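Following: one structure in structure tokens, then a few remarks.
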Amino acid sequence: MTTTTSTSAAPAAAPDRTPLLQASGVIMRFGGLTAVRDVSLTVNSGEIVGLIGPNGAGKTTFFNCLTGLYVPTEGSVSYKGTVLPPKPHLVTKAGVARTFQNIRLFANMTVLENVLVGRHTRTREGLLSALIRGPGYHKAEARSRERAMELLEFTGLAHKAEHLARNLPYGEQRKLEIARALASEPGLLLLDEPTAGMNPQETRATEELVFAIRDQGIAVLVIEHDMRFIFNLCDRVAVLVQGQKLVEGTAEVVQSDERVVAAYLGEPFEPEAEAAPAPEAAPEAEAGAAPEAEAEAGAAPEADATPAPEAAGDNETGTGTGAQEQENDR
Ligand SMILES: Nc1ncnc2c1ncn2[C@@H]1O[C@H](COP(=O)(O)OP(=O)(O)OP(=O)(O)O)[C@@H](O)[C@H]1O
């Protein structure tokens, strides 16, 4: 009798790790400057992945390539196995939403209205229905409002639903950007410096919020300069230096990599050390900047003509990012 020695005892249930976003060999050149050099990165379902690197390393440019604001000079970006179209609103519709380093809210709209804008790609009611305002329109609008309020509850902004976005303190504006991005019901959320300008309490709250987002089944890719935030939060971290991916791995791997320490961290990261103090007073809403962006959004939502000229003239608002996403994210 032949006996089979089983060496394949069922492994412990592996966490769900199917690839969601796959960027392969992405290169982005601006004339003679190569901002992103052959970067490949995968974000799997259930993951929080960090993207770090010194100023000018190409992080935001890479995000812009992922989200259709820029058409990469070379390389491809796919989501759930399908190549993403180089149009921000179609990327959002496919399930990838983002926030911006420079907050881009509709400053003169209420908090609730800002989130409702984010529902845009998930509502089927067309222009005619909106004009006629028939039962389908009212039902869809009621559902959108309900969902928007859920998201405001989730992000802790429900009590500010009727406030103008411009009147929110800075930390809440960042939360509102996240709520608006979530309104497009993404499978992957890209956050560009979500704690910039926040005080330590706000940063900690944002950390909790990102964990809660992940727990809702949304994977997260986050750019951040706050190393404590990144290393607490991320399953994996990729380090960009001069447009190239230097290292990718767990927080431990990245923190102990001598090249990363030399090129970016400067000194070994001390998890117990006090976080660098954030500005005490969170800056107030930039009342001047946001309305301007809003006006631009209305006039030319996809005005980022230089790197992605095919996007120009497309007047659909990219949901989850707001119409302002179309301006160059610099
Ligand atoms: N639209 C553009 N045209 C020309 N150069 C650009 C453009 N966008 C970015 N760059 C350049 O590409 C390089 C990478 O910039 P990027 O903003 O992506 O870096 P980053 O890592 O996000 O920096 P930071 O941490 O300061 O936000 C920089 O040299 C920048 O000046």
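Labels used: A, B, ... for chains in the order of the structure tokens, numbers from 1 for residues in each chain, and numbers from 1 for ligands as shown.
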>> Can you tell me which residues surround Asp235 of chain A at a distance of at most 10 Å, considering only C-alpha atoms, apart from same-chain residues fewer than 5 positions away, and format the answer as a ChimeraX atom specification?
In response: /A:46-50,230,249-251
Could you list, with a cut-off of 9 Å and counting only C-alpha atoms and all ligand atoms, the residues of chain A near ligand 1, each shown with its nearest atom pair and the distance in Å rounded to one decimal, rows sorted by chain and ascending number, as CSV?
residue,atom,partner,partner_atom_place_in_ligand_line,distance
A:Met28,CA,ligand 1,12 (O),8.5
A:Arg29,CA,ligand 1,5 (N),8.0
A:Phe30,CA,ligand 1,4 (C),5.0
A:Gly31,CA,ligand 1,4 (C),7.6
A:Leu33,CA,ligand 1,5 (N),6.9
A:Thr34,CA,ligand 1,12 (O),7.1
A:Ala35,CA,ligand 1,12 (O),4.3
A:Val36,CA,ligand 1,14 (C),7.3
A:Ile52,CA,ligand 1,21 (O),7.7
A:Gly53,CA,ligand 1,21 (O),6.1
A:Pro54,CA,ligand 1,25 (O),5.8
A:Asn55,CA,ligand 1,26 (O),3.5
A:Gly56,CA,ligand 1,19 (O),3.3
A:Ala57,CA,ligand 1,21 (O),3.6
A:Gly58,CA,ligand 1,18 (O),3.2
A:Lys59,CA,ligand 1,21 (O),3.8
A:Thr60,CA,ligand 1,22 (O),3.7
A:Thr61,CA,ligand 1,18 (O),3.7
A:Phe62,CA,ligand 1,18 (O),6.4
A:Phe63,CA,ligand 1,18 (O),8.0
A:Asn64,CA,ligand 1,18 (O),8.3
A:Tyr70,CA,ligand 1,1 (N),8.6
A:Gln101,CA,ligand 1,27 (O),7.4
A:Asp192,CA,ligand 1,27 (O),8.4
A:Glu193,CA,ligand 1,27 (O),8.2
A:Ile223,CA,ligand 1,22 (O),8.2
A:Glu224,CA,ligand 1,25 (O),7.9
A:His225,CA,ligand 1,25 (O),7.2
A:Leu240,CA,ligand 1,21 (O),7.5
A:Val241,CA,ligand 1,21 (O),8.0
A:Gln242,CA,ligand 1,14 (C),7.7
A:Gly243,CA,ligand 1,14 (C),7.0
A:Asp304,CA,ligand 1,1 (N),8.6
A:Thr306,CA,ligand 1,1 (N),7.1
A:Pro307,CA,ligand 1,1 (N),6.7
A:Asn328,CA,ligand 1,1 (N),6.5
A:Asp329,CA,ligand 1,8 (N),7.5
A:Arg330,CA,ligand 1,8 (N),6.0
Residues just named, written with C-alpha atoms as a compact mmCIF listing (two decimals), in the first residue's frame:
# COMPACT_ATOMS: atom_id res chain seq x y z
CA MET A 28 7.01 60.05 -16.83
CA ARG A 29 9.12 62.61 -18.62
CA PHE A 30 8.56 66.33 -18.75
CA GLY A 31 10.76 67.45 -21.61
CA LEU A 33 13.27 65.81 -16.92
CA THR A 34 12.41 62.24 -16.03
CA ALA A 35 10.25 62.55 -12.93
CA VAL A 36 9.31 58.86 -12.67
CA ILE A 52 7.56 57.86 0.62
CA GLY A 53 10.56 59.77 -0.61
CA PRO A 54 12.23 63.16 -0.45
CA ASN A 55 10.68 66.28 -1.95
CA GLY A 56 10.71 66.10 -5.70
CA ALA A 57 11.16 62.31 -5.74
CA GLY A 58 8.22 61.89 -8.12
CA LYS A 59 5.52 60.66 -5.73
CA THR A 60 2.76 63.01 -6.81
CA THR A 61 3.73 62.62 -10.45
CA PHE A 62 3.38 58.87 -10.02
CA PHE A 63 -0.07 59.35 -8.41
CA ASN A 64 -1.03 61.53 -11.36
CA TYR A 70 -0.93 62.32 -16.67
CA GLN A 101 -1.88 67.34 -1.67
CA ASP A 192 -1.69 62.44 -1.19
CA GLU A 193 -0.26 63.75 2.08
CA ILE A 223 1.91 59.40 0.17
CA GLU A 224 3.08 60.96 3.38
CA HIS A 225 6.16 62.62 4.86
CA LEU A 240 11.02 56.66 -4.33
CA VAL A 241 14.26 58.56 -4.73
CA GLN A 242 14.91 60.67 -7.80
CA GLY A 243 12.01 59.04 -9.58
CA ASP A 304 -4.33 69.70 -17.30
CA THR A 306 0.27 69.62 -20.89
CA PRO A 307 0.90 66.02 -19.88
CA ASN A 328 -2.19 70.41 -12.80
CA ASP A 329 -1.52 68.99 -9.36
CA ARG A 330 1.55 70.99 -8.70
> Which residue out of A:Arg174, A:Val237, A:Ala179, A:Gln216 has the minimum interatomic distance to Glu202 of chain A when only C-alpha atoms are used?
Replying inline: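 Of A:Arg174, A:Val237, A:Ala179, A:Gln216, the one nearest Glu202 of chain A is A:Arg174, counting only C-alpha atoms.
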>> So that I can see what lies close to Gln173 of chain A, please list as a ChimeraX atom specification the residues with an atom at most 12 Å from it, counting only C-alpha atoms and leaving out residues fewer than 5 positions away in the same chain.
In response: /A:99-107,110-111,114-115,152,155-157,160,163-168,178-180,194-198,202,206,282-287,290
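Between atom CA of Gly217 of chain A and atom CA of Val253 of chain A the separation is 25.6 Å.
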>> When DSSP is applied to the backbone of this structure, which of segment 21-246 of chain A are assigned helix (DSSP H, G or I)? Write them out as a ChimeraX atom specification.
In response: /A:59-66,88-94,111-118,120-122,127-132,135-154,158-160,165-167,170-182,200-215,227-233
> So how far away is atom CA of Leu221 of chain A from atom CA of Arg143 of chain A, in Å?
Replying inline: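 Computing it gives 28.4 Å between the two atoms.
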>> Please extract the residues of segment 2-248 of chain A with a backbone DSSP assignment of strand (DSSP E) and present them as a PyMOL selection string.
In response: chain A and resi 19-30+33-44+48-52+74-79+82-83+96-98+188-192+219-223+236-241+244-248
>> Using Å and a single decimal, report how far atom CA of Leu69 of chain A sits from atom CA of Val117 of chain A.
In response: 18.8 Å
